[in-house]
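The next block holds one structure in the form of structure tokens; read it before the comments.
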Amino acid sequence: MAITFDDEKKIFLLHTPHSTYVIRIFEGRVLHGGWVKRIKNYSGACAMPLIDRAFAAVPEDLHGKCDFSPDTVQWEYPVALRGDTRSPAIEVIGNGGTVECELLYEAHRIYKGKKALVGLPATYTNTDDEADTLEIDLYDPNSALKVTLFYTVWNTLDVICRHSVLKNSAKDVLDVRSAMSASVDFPHARFSMLQLSGAHARERHVIMRELVPGMQKVESRRTASSHQQNPFIALVEQGATETHGDVFGFNLVYSGNFTAQTEVDQYGVSRVQLGINPFNFSWKLAEGESFTTPETVMVYSQNGLGEMSRIYHDLYRSNLCRGEWRDKVRPIVINNWEATYFNFNSEKLFALADTAAAEGIELFVLDDGWFGKRNNDWTSLGDWDVFTEKLPNGLSEISEGIHARGMLFGLWFEPEMISPDSNLYRAHPDWCLHCTERSRTLGRHQLVLDMSRKDVVDYLFEKLSAVLSSCKIDYVKWDFNRSPSDVGSALLPVEKQQEVSHRFYLGLYDLLERLNKKFPHILFESCSGGGGRFDPAMLYYMPQTWTSDNTDGLSRLAIQEGTSIAYPASAMSCHVSAVPNHQVGRVTSLSLRGHVAMAGTFGYELDLNKLSDLEKAEIKEQVAWYKDIRHTAEFGDLYRLRSPRSCTAFSESPLFAWESVEKDKSKAVVTAVWSFSEANESYDILKLEGLDENANYKIKSLAGLSIKMLVRQFFPSAPDSEFCVVADDTVISGEELMNIGLCIINRTNYGGSLHFKLERV
């Protein structure tokens, strides 16, 4: 078993392959004993000492009995107002009217496998042998509160998954104001905290800052995990890099309001906590009722950020994503949105589809505008019936026509929204989130449906099921284009209005679970104005997410790099769009846009029929190339080779470079992109990683037809080697590629990017 309990010492040891997590029971209190590089035995002699600090408030049963300072000890699940003045993991108001409580050890259970969370997405085991689980029961001796802490320890990955369940065992109603999913105390603060922050169209940039005394926090109060902050943080040992040093990652499997924080106390102890944001939250627990917190996925890496990311990627691909598409390579997409916006008919769609099919593209997606009276974004959300004035022969004609051209057919929805100008709103004006005593706030001219209501969820299930059953639909893009604001429900009583934001997601998760079961063949893709809900919870129902509305090739570099910190390439939907780019107005080469988009699931978001013959030929080349490399790109081990964050020399250009390597090391794909070049700049030496050092690899490049033609227009004799680091078909040993590396000279006439594959020979 990965989990052991020493009954004499009252010590739990939770062993992952390379780490040990220690839990101690002391005088009935459950203490944290450390999360460290794996050890075989634990004496406790090296544990953080229990000493009496100045002005410490000590529970009466411990007073004078031992040196004990609740304000400085490492707790496993800290409570409020029992001597610990740091941030508690739990705040519950009982019949005494205060949040004071005490949680004492009662019992525990250790077993193989992992239980599902009630009503919530979470990681899962494919077989019971993959993981072991520990449950620790705690009780408050002065109230009816019982808390069970859950720990699942994975046997082949350095992962511990945590959540808690609160239960009321008496008649008095308990008011839960805060319940963290995980709390971990580190004995020092010699870390930097990494977060993924940004804005709409600028999501998940890597931000790193050294810990200082006080609270460092990221959170969302938008009733969505948000574009601005992601429910992920990591503590990074000072001096750690992509390839060395200790890193501790924390990711919350939740799509709503969250808090992820690190508090450094007066003695330099660092407390990490993740959970539902206490803002606008409470939960009433009547007798016998339970409340389950979302899951936190905790990862340990002894080899830097890169290893931490690969652990998350492996876990999420195999033990979070589900369904028929989990392990399949994803089809190459053409989406009509930036090609037509709302202005389309069947003739326009089929003209685009004809060209896409000729290019080898595999999936045609009909985006916004096919339903209700939808010619703009002012109307019809909620009316999920075909817009027959625009598509007189319905979706069946489109589906059949697309399939006849040899492609899959996909459809856009925004199910959680409702337009004031809609039949649904006229029939049910109380179905939107709203505060009854106030006017309603609009975003993007739309309101948000009250997903906490069963009748709303049932309506959506019936309407969406009818559409998805009406013809052959292979893919759904599920959008969510504004954050809820008037977070109130017409059905809930006054005392439960602060439950609405969490109930909203329980309703959404229920709807998605039902649709997944009814339509297991459909590939669902999540979207929220781009990347506004890129979180593990959505990946449980939809194995890929639209990474950002910003499709500019250079903007996407930092967005995709940050996303890759926790999320696998198979989850990142990345498309090539037209230039000038519709979001930032920048012009980049088709070659660069293709190279960048091949970092995830691949597609196009432009009007193919407005392109030149040369551009169409290059797209055909890109499509054929991606079909050859996509398993490596989507499911290989990712290595972030270079980032502007790591540039130190004054003459270094801002270079992004990454590599994906098949698990058996038979194939690798390498991409290098720079935003500009400097005159007479230094050489970039790119050392590869993850290859078989005893094998030889043959190199082939994808330079792009337009780039080659442009260069040869001015340099007719330019050899093929000018378009890669070395000539195609050159054979190089794995040890040379990793230990010496490839020399890259940045040149703007190459479109600012290089892309090549390596195949073992």
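Chain labels A, B, ... are given in the sequence in which chains occur in the structure tokens; within each chain residues are numbered consecutively from 1, and ligands are likewise numbered from 1 in the order shown.
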
Neighbours of Val365 (chain A) within 9 Å (only C-alpha atoms; same-chain residues fewer than 2 positions away dropped), as a short mmCIF file (atom, residue, chain, number, x, y, z; two decimals) with all heavy atoms, in the first residue's frame?
```cif
data_model
loop_
_atom_site.label_atom_id
_atom_site.label_comp_id
_atom_site.auth_asym_id
_atom_site.auth_seq_id
_atom_site.Cartn_x
_atom_site.Cartn_y
_atom_site.Cartn_z
N VAL A 333 -9.84 21.00 -37.64
CA VAL A 333 -11.10 21.74 -37.67
C VAL A 333 -11.03 22.90 -38.66
O VAL A 333 -10.00 23.54 -38.82
CB VAL A 333 -11.39 22.30 -36.26
CG1 VAL A 333 -12.63 23.21 -36.27
CG2 VAL A 333 -11.57 21.17 -35.26
N ILE A 334 -12.16 23.16 -39.31
CA ILE A 334 -12.41 24.47 -39.92
C ILE A 334 -13.67 25.02 -39.25
O ILE A 334 -14.70 24.35 -39.21
CB ILE A 334 -12.58 24.40 -41.46
CG1 ILE A 334 -12.86 25.80 -42.01
CG2 ILE A 334 -13.67 23.43 -41.87
CD1 ILE A 334 -11.71 26.75 -41.95
N ASN A 335 -13.55 26.20 -38.66
CA ASN A 335 -14.69 26.86 -38.00
C ASN A 335 -15.09 28.06 -38.86
O ASN A 335 -14.23 28.83 -39.29
CB ASN A 335 -14.28 27.31 -36.59
CG ASN A 335 -15.43 27.87 -35.80
OD1 ASN A 335 -16.04 28.87 -36.17
ND2 ASN A 335 -15.74 27.24 -34.67
N ASN A 336 -16.37 28.22 -39.09
CA ASN A 336 -16.83 29.27 -40.01
C ASN A 336 -16.92 30.65 -39.38
O ASN A 336 -17.19 31.63 -40.08
CB ASN A 336 -18.22 28.91 -40.55
CG ASN A 336 -19.34 29.17 -39.54
OD1 ASN A 336 -19.36 28.57 -38.47
ND2 ASN A 336 -20.24 30.09 -39.85
N TRP A 337 -16.63 30.80 -38.05
CA TRP A 337 -16.94 32.06 -37.37
C TRP A 337 -16.21 33.25 -38.00
O TRP A 337 -16.83 34.21 -38.45
CB TRP A 337 -16.63 31.94 -35.88
CG TRP A 337 -16.90 33.21 -35.12
CD1 TRP A 337 -16.01 33.95 -34.42
CD2 TRP A 337 -18.16 33.88 -34.98
NE1 TRP A 337 -16.62 35.04 -33.85
CE2 TRP A 337 -17.95 35.03 -34.18
CE3 TRP A 337 -19.44 33.62 -35.46
CZ2 TRP A 337 -18.96 35.91 -33.85
CZ3 TRP A 337 -20.46 34.51 -35.14
CH2 TRP A 337 -20.22 35.63 -34.34
N LEU A 363 -13.06 18.23 -39.91
CA LEU A 363 -14.23 18.58 -39.11
C LEU A 363 -14.68 20.00 -39.46
O LEU A 363 -13.88 20.94 -39.35
CB LEU A 363 -13.90 18.48 -37.62
CG LEU A 363 -14.89 19.07 -36.61
CD1 LEU A 363 -16.25 18.39 -36.69
CD2 LEU A 363 -14.34 18.97 -35.19
N ASP A 367 -20.67 27.67 -36.38
CA ASP A 367 -20.63 28.46 -35.15
C ASP A 367 -21.92 29.23 -34.95
O ASP A 367 -22.97 28.88 -35.50
CB ASP A 367 -19.40 29.38 -35.17
CG ASP A 367 -18.82 29.65 -33.78
OD1 ASP A 367 -19.42 30.47 -33.06
OD2 ASP A 367 -17.80 29.04 -33.42
N LEU A 408 -16.46 15.43 -40.62
CA LEU A 408 -17.37 15.41 -39.48
C LEU A 408 -18.06 16.76 -39.38
O LEU A 408 -17.59 17.77 -39.91
CB LEU A 408 -16.59 15.12 -38.19
CG LEU A 408 -15.78 13.82 -38.15
CD1 LEU A 408 -14.94 13.77 -36.87
CD2 LEU A 408 -16.68 12.61 -38.25
N PHE A 409 -19.17 16.79 -38.64
CA PHE A 409 -19.96 18.02 -38.51
C PHE A 409 -20.10 18.41 -37.05
O PHE A 409 -20.43 17.57 -36.19
CB PHE A 409 -21.35 17.82 -39.12
CG PHE A 409 -22.26 19.02 -38.95
CD1 PHE A 409 -21.90 20.27 -39.45
CD2 PHE A 409 -23.47 18.89 -38.28
CE1 PHE A 409 -22.73 21.37 -39.29
CE2 PHE A 409 -24.31 19.98 -38.12
CZ PHE A 409 -23.94 21.23 -38.62
N GLY A 410 -19.82 19.68 -36.77
CA GLY A 410 -19.92 20.18 -35.40
C GLY A 410 -20.80 21.41 -35.32
O GLY A 410 -21.05 22.11 -36.31
N LEU A 411 -21.25 21.71 -34.09
CA LEU A 411 -22.23 22.78 -33.88
C LEU A 411 -21.89 23.56 -32.62
O LEU A 411 -21.43 23.00 -31.62
CB LEU A 411 -23.63 22.16 -33.74
CG LEU A 411 -24.85 23.05 -33.98
CD1 LEU A 411 -24.83 23.63 -35.39
CD2 LEU A 411 -26.12 22.23 -33.76
N TRP A 412 -22.12 24.87 -32.66
CA TRP A 412 -21.88 25.79 -31.55
C TRP A 412 -23.15 25.95 -30.72
O TRP A 412 -24.26 26.08 -31.26
CB TRP A 412 -21.45 27.14 -32.09
CG TRP A 412 -21.17 28.22 -31.08
CD1 TRP A 412 -19.97 28.56 -30.54
CD2 TRP A 412 -22.13 29.16 -30.54
NE1 TRP A 412 -20.11 29.64 -29.68
CE2 TRP A 412 -21.42 30.03 -29.66
CE3 TRP A 412 -23.50 29.34 -30.70
CZ2 TRP A 412 -22.04 31.05 -28.96
CZ3 TRP A 412 -24.12 30.37 -30.00
CH2 TRP A 412 -23.40 31.21 -29.14
N TYR A 475 -19.55 16.83 -32.99
CA TYR A 475 -18.75 17.73 -32.15
C TYR A 475 -19.65 18.86 -31.67
O TYR A 475 -20.56 19.31 -32.39
CB TYR A 475 -17.60 18.27 -32.99
CG TYR A 475 -16.90 19.51 -32.49
CD1 TYR A 475 -15.66 19.44 -31.85
CD2 TYR A 475 -17.43 20.78 -32.72
CE1 TYR A 475 -14.99 20.60 -31.43
CE2 TYR A 475 -16.77 21.93 -32.31
CZ TYR A 475 -15.56 21.84 -31.67
OH TYR A 475 -14.91 22.97 -31.27
N VAL A 476 -19.43 19.33 -30.45
CA VAL A 476 -20.15 20.47 -29.90
C VAL A 476 -19.14 21.44 -29.30
O VAL A 476 -18.28 21.03 -28.50
CB VAL A 476 -21.17 20.05 -28.83
CG1 VAL A 476 -21.64 21.25 -28.01
CG2 VAL A 476 -22.37 19.36 -29.48
N LYS A 477 -19.23 22.70 -29.69
CA LYS A 477 -18.47 23.77 -29.05
C LYS A 477 -19.41 24.45 -28.07
O LYS A 477 -20.41 25.06 -28.46
CB LYS A 477 -17.95 24.77 -30.08
CG LYS A 477 -17.11 25.89 -29.45
CD LYS A 477 -16.59 26.84 -30.52
CE LYS A 477 -15.77 27.96 -29.89
NZ LYS A 477 -15.26 28.92 -30.91
#
```

Please, what distance in Å, to one decimal, runs between CA of Gly34 (chain A) and CA of Asp246 (chain A)?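 Atom-to-atom, CA of Gly34 (chain A) to CA of Asp246 (chain A), that is 13.7 Å.
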
Can you list, as a ChimeraX atom specification, every residue of region 579-650 of chain A that DSSP puts in alpha helix (DSSP H)? /A:590-597,613-635

Select, from A:Val669, A:Ala56, A:Glu359, A:Phe12, the residue with the minimum atom-to-atom distance to Ser43 (chain A), counting only C-alpha atoms.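 Closest candidate: A:Phe12.
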
Spatial neighbours of region 605-616 of chain A, 10 Å, only C-alpha atoms, chain gap at least 4 places, as a short mmCIF file (atom, residue, chain, number, x, y, z; two decimals) with C-alpha atoms, in the first residue's frame:
```cif
data_model
loop_
_atom_site.label_atom_id
_atom_site.label_comp_id
_atom_site.auth_asym_id
_atom_site.auth_seq_id
_atom_site.Cartn_x
_atom_site.Cartn_y
_atom_site.Cartn_z
CA VAL A 333 -11.10 21.74 -37.67
CA ILE A 334 -12.41 24.47 -39.92
CA ASN A 335 -14.69 26.86 -38.00
CA ASN A 336 -16.83 29.27 -40.01
CA TRP A 337 -16.94 32.06 -37.37
CA GLU A 338 -14.17 34.36 -38.58
CA ALA A 339 -14.99 33.42 -42.16
CA THR A 340 -18.65 34.47 -42.10
CA ALA A 351 -18.44 26.62 -50.48
CA LEU A 352 -16.20 26.82 -47.41
CA ALA A 353 -16.62 23.09 -46.79
CA ASP A 354 -15.65 22.22 -50.38
CA THR A 355 -12.34 24.01 -50.03
CA ALA A 356 -11.76 22.59 -46.55
CA ALA A 358 -9.92 19.59 -50.64
CA GLU A 359 -7.31 20.75 -48.11
CA VAL A 365 -17.94 23.50 -37.27
CA THR A 551 -5.58 33.63 -32.32
CA CYS A 574 -5.41 26.07 -31.27
CA HIS A 575 -6.37 27.52 -34.68
CA VAL A 576 -4.78 29.43 -37.53
CA SER A 577 -6.69 32.63 -38.29
CA ALA A 578 -6.54 35.33 -40.97
CA VAL A 579 -4.25 38.35 -41.03
CA LEU A 590 1.08 31.62 -42.42
CA SER A 591 4.06 29.44 -41.57
CA LYS A 620 -2.73 21.55 -47.51
CA GLU A 621 0.92 20.96 -46.62
CA GLN A 622 0.30 21.92 -42.98
CA GLY A 704 6.12 26.51 -45.44
CA LEU A 705 5.79 26.98 -49.18
CA SER A 706 5.23 30.73 -48.99
CA MET A 709 9.18 31.03 -52.28
#
```

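Comparing the minimum interatomic distances between Leu638 (chain A) and each of A:Leu145, A:Leu539, A:Ile311, A:Ala131, counting only C-alpha atoms, we find that A:Ile311 sits nearest.
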
Closest atom pairs, residues of region 221-314 of chain A within 12 Å of region 507-518 of chain A, only C-alpha atoms, as CSV:
```
residue,atom,partner,partner_atom,distance
A:Ala224,CA,A:Leu508,CA,11.8
A:Val253,CA,A:Tyr509,CA,11.9
A:Tyr254,CA,A:Tyr509,CA,10.1
A:Ser255,CA,A:Tyr509,CA,9.7
A:Gly256,CA,A:Leu508,CA,10.7
```

Selected residues written out with C-alpha atoms, as a CSV table (one decimal), in the first residue's frame:
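Dumped to again.csv:
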```csv
chain,number,residue,atom,x,y,z
A,224,ALA,CA,-16.4,31.3,-13.3
A,253,VAL,CA,-11.1,20.9,-10.0
A,254,TYR,CA,-13.8,23.5,-10.0
A,255,SER,CA,-15.2,26.0,-12.5
A,256,GLY,CA,-16.7,28.7,-10.2
```

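Checking A:Gly529, A:Gly304, A:Gly369, A:Gly323 one by one against Phe342 (chain A), counting only C-alpha atoms, you find the shortest gap at A:Gly369.
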
Can you list every residue in region 203-271 of chain A that DSSP puts in strand (DSSP E), as a VMD selection string? chain A and resid 203 to 210 214 to 220 229 to 237 247 to 253 258 to 264 270 to 271

Would you mind listing what lies within 8 Å of region 346-348 of chain A as an NGL selection string, with only C-alpha atoms counted and same-chain residues fewer than 2 positions away left out? :A and (344 or 350-352 or 390-391 or 398)

Could you write those residues out with C-alpha atoms, as an mmCIF file, in the first residue's frame?
```
data_model
loop_
_atom_site.group_PDB
_atom_site.id
_atom_site.type_symbol
_atom_site.label_atom_id
_atom_site.label_comp_id
_atom_site.auth_asym_id
_atom_site.auth_seq_id
_atom_site.Cartn_x
_atom_site.Cartn_y
_atom_site.Cartn_z
ATOM 1 C CA PHE A 344 -24.098 32.785 -43.843
ATOM 2 C CA PHE A 350 -20.821 24.426 -48.487
ATOM 3 C CA ALA A 351 -18.441 26.623 -50.485
ATOM 4 C CA LEU A 352 -16.197 26.823 -47.413
ATOM 5 C CA LYS A 390 -31.296 31.324 -42.852
ATOM 6 C CA LEU A 391 -31.270 27.522 -43.137
ATOM 7 C CA ILE A 398 -25.920 20.914 -43.508
#
```

Just how far from CA of Phe534 (chain A) is CA of Gly636 (chain A), in Å to one decimal? 20.5 Å

Could you tell me how far CA of Ile11 (chain A) lies from CA of Phe26 (chain A), in Å and to one decimal? 9.3 Å

So that I can see what lies close to Met215 (chain A), please list as an mmCIF file with N, CA, C and O atoms, in the first residue's frame the residues with an atom at most 9 Å from it, counting only C-alpha atoms and leaving out residues fewer than 5 positions away in the same chain.
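Listing of result-v2.cif after writing:
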```cif
data_model
loop_
_atom_site.group_PDB
_atom_site.id
_atom_site.type_symbol
_atom_site.label_atom_id
_atom_site.label_comp_id
_atom_site.auth_asym_id
_atom_site.auth_seq_id
_atom_site.Cartn_x
_atom_site.Cartn_y
_atom_site.Cartn_z
ATOM 1 N N GLN A 261 -4.308 30.401 -2.328
ATOM 2 C CA GLN A 261 -3.529 31.388 -1.580
ATOM 3 C C GLN A 261 -2.388 30.749 -0.811
ATOM 4 O O GLN A 261 -2.410 29.554 -0.490
ATOM 5 N N THR A 262 -1.386 31.595 -0.536
ATOM 6 C CA THR A 262 -0.274 31.212 0.343
ATOM 7 C C THR A 262 -0.099 32.301 1.381
ATOM 8 O O THR A 262 0.085 33.471 1.038
ATOM 9 N N GLU A 263 -0.160 31.918 2.648
ATOM 10 C CA GLU A 263 0.031 32.851 3.753
ATOM 11 C C GLU A 263 1.347 32.526 4.454
ATOM 12 O O GLU A 263 1.590 31.376 4.830
ATOM 13 N N VAL A 264 2.190 33.529 4.600
ATOM 14 C CA VAL A 264 3.447 33.378 5.326
ATOM 15 C C VAL A 264 3.286 34.046 6.684
ATOM 16 O O VAL A 264 2.997 35.245 6.769
ATOM 17 N N ASP A 265 3.478 33.271 7.753
ATOM 18 C CA ASP A 265 3.230 33.816 9.090
ATOM 19 C C ASP A 265 4.487 34.479 9.656
ATOM 20 O O ASP A 265 5.527 34.576 8.999
#
```

Find the spatial neighbours of Glu100 (chain A), counting only C-alpha atoms, within a cut-off of 12 Å - ignore same-chain residues fewer than 3 positions away - and output them as a ChimeraX atom specification. /A:78-85,88,90-97,103,140-143,145,176-177

Between A:Tyr505, A:Phe5, A:Tyr139, A:Trp384, single out the one closest to Ile110 (chain A), counting only C-alpha atoms.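 Among A:Tyr505, A:Phe5, A:Tyr139, A:Trp384, it is A:Phe5 that comes nearest to Ile110 (chain A).
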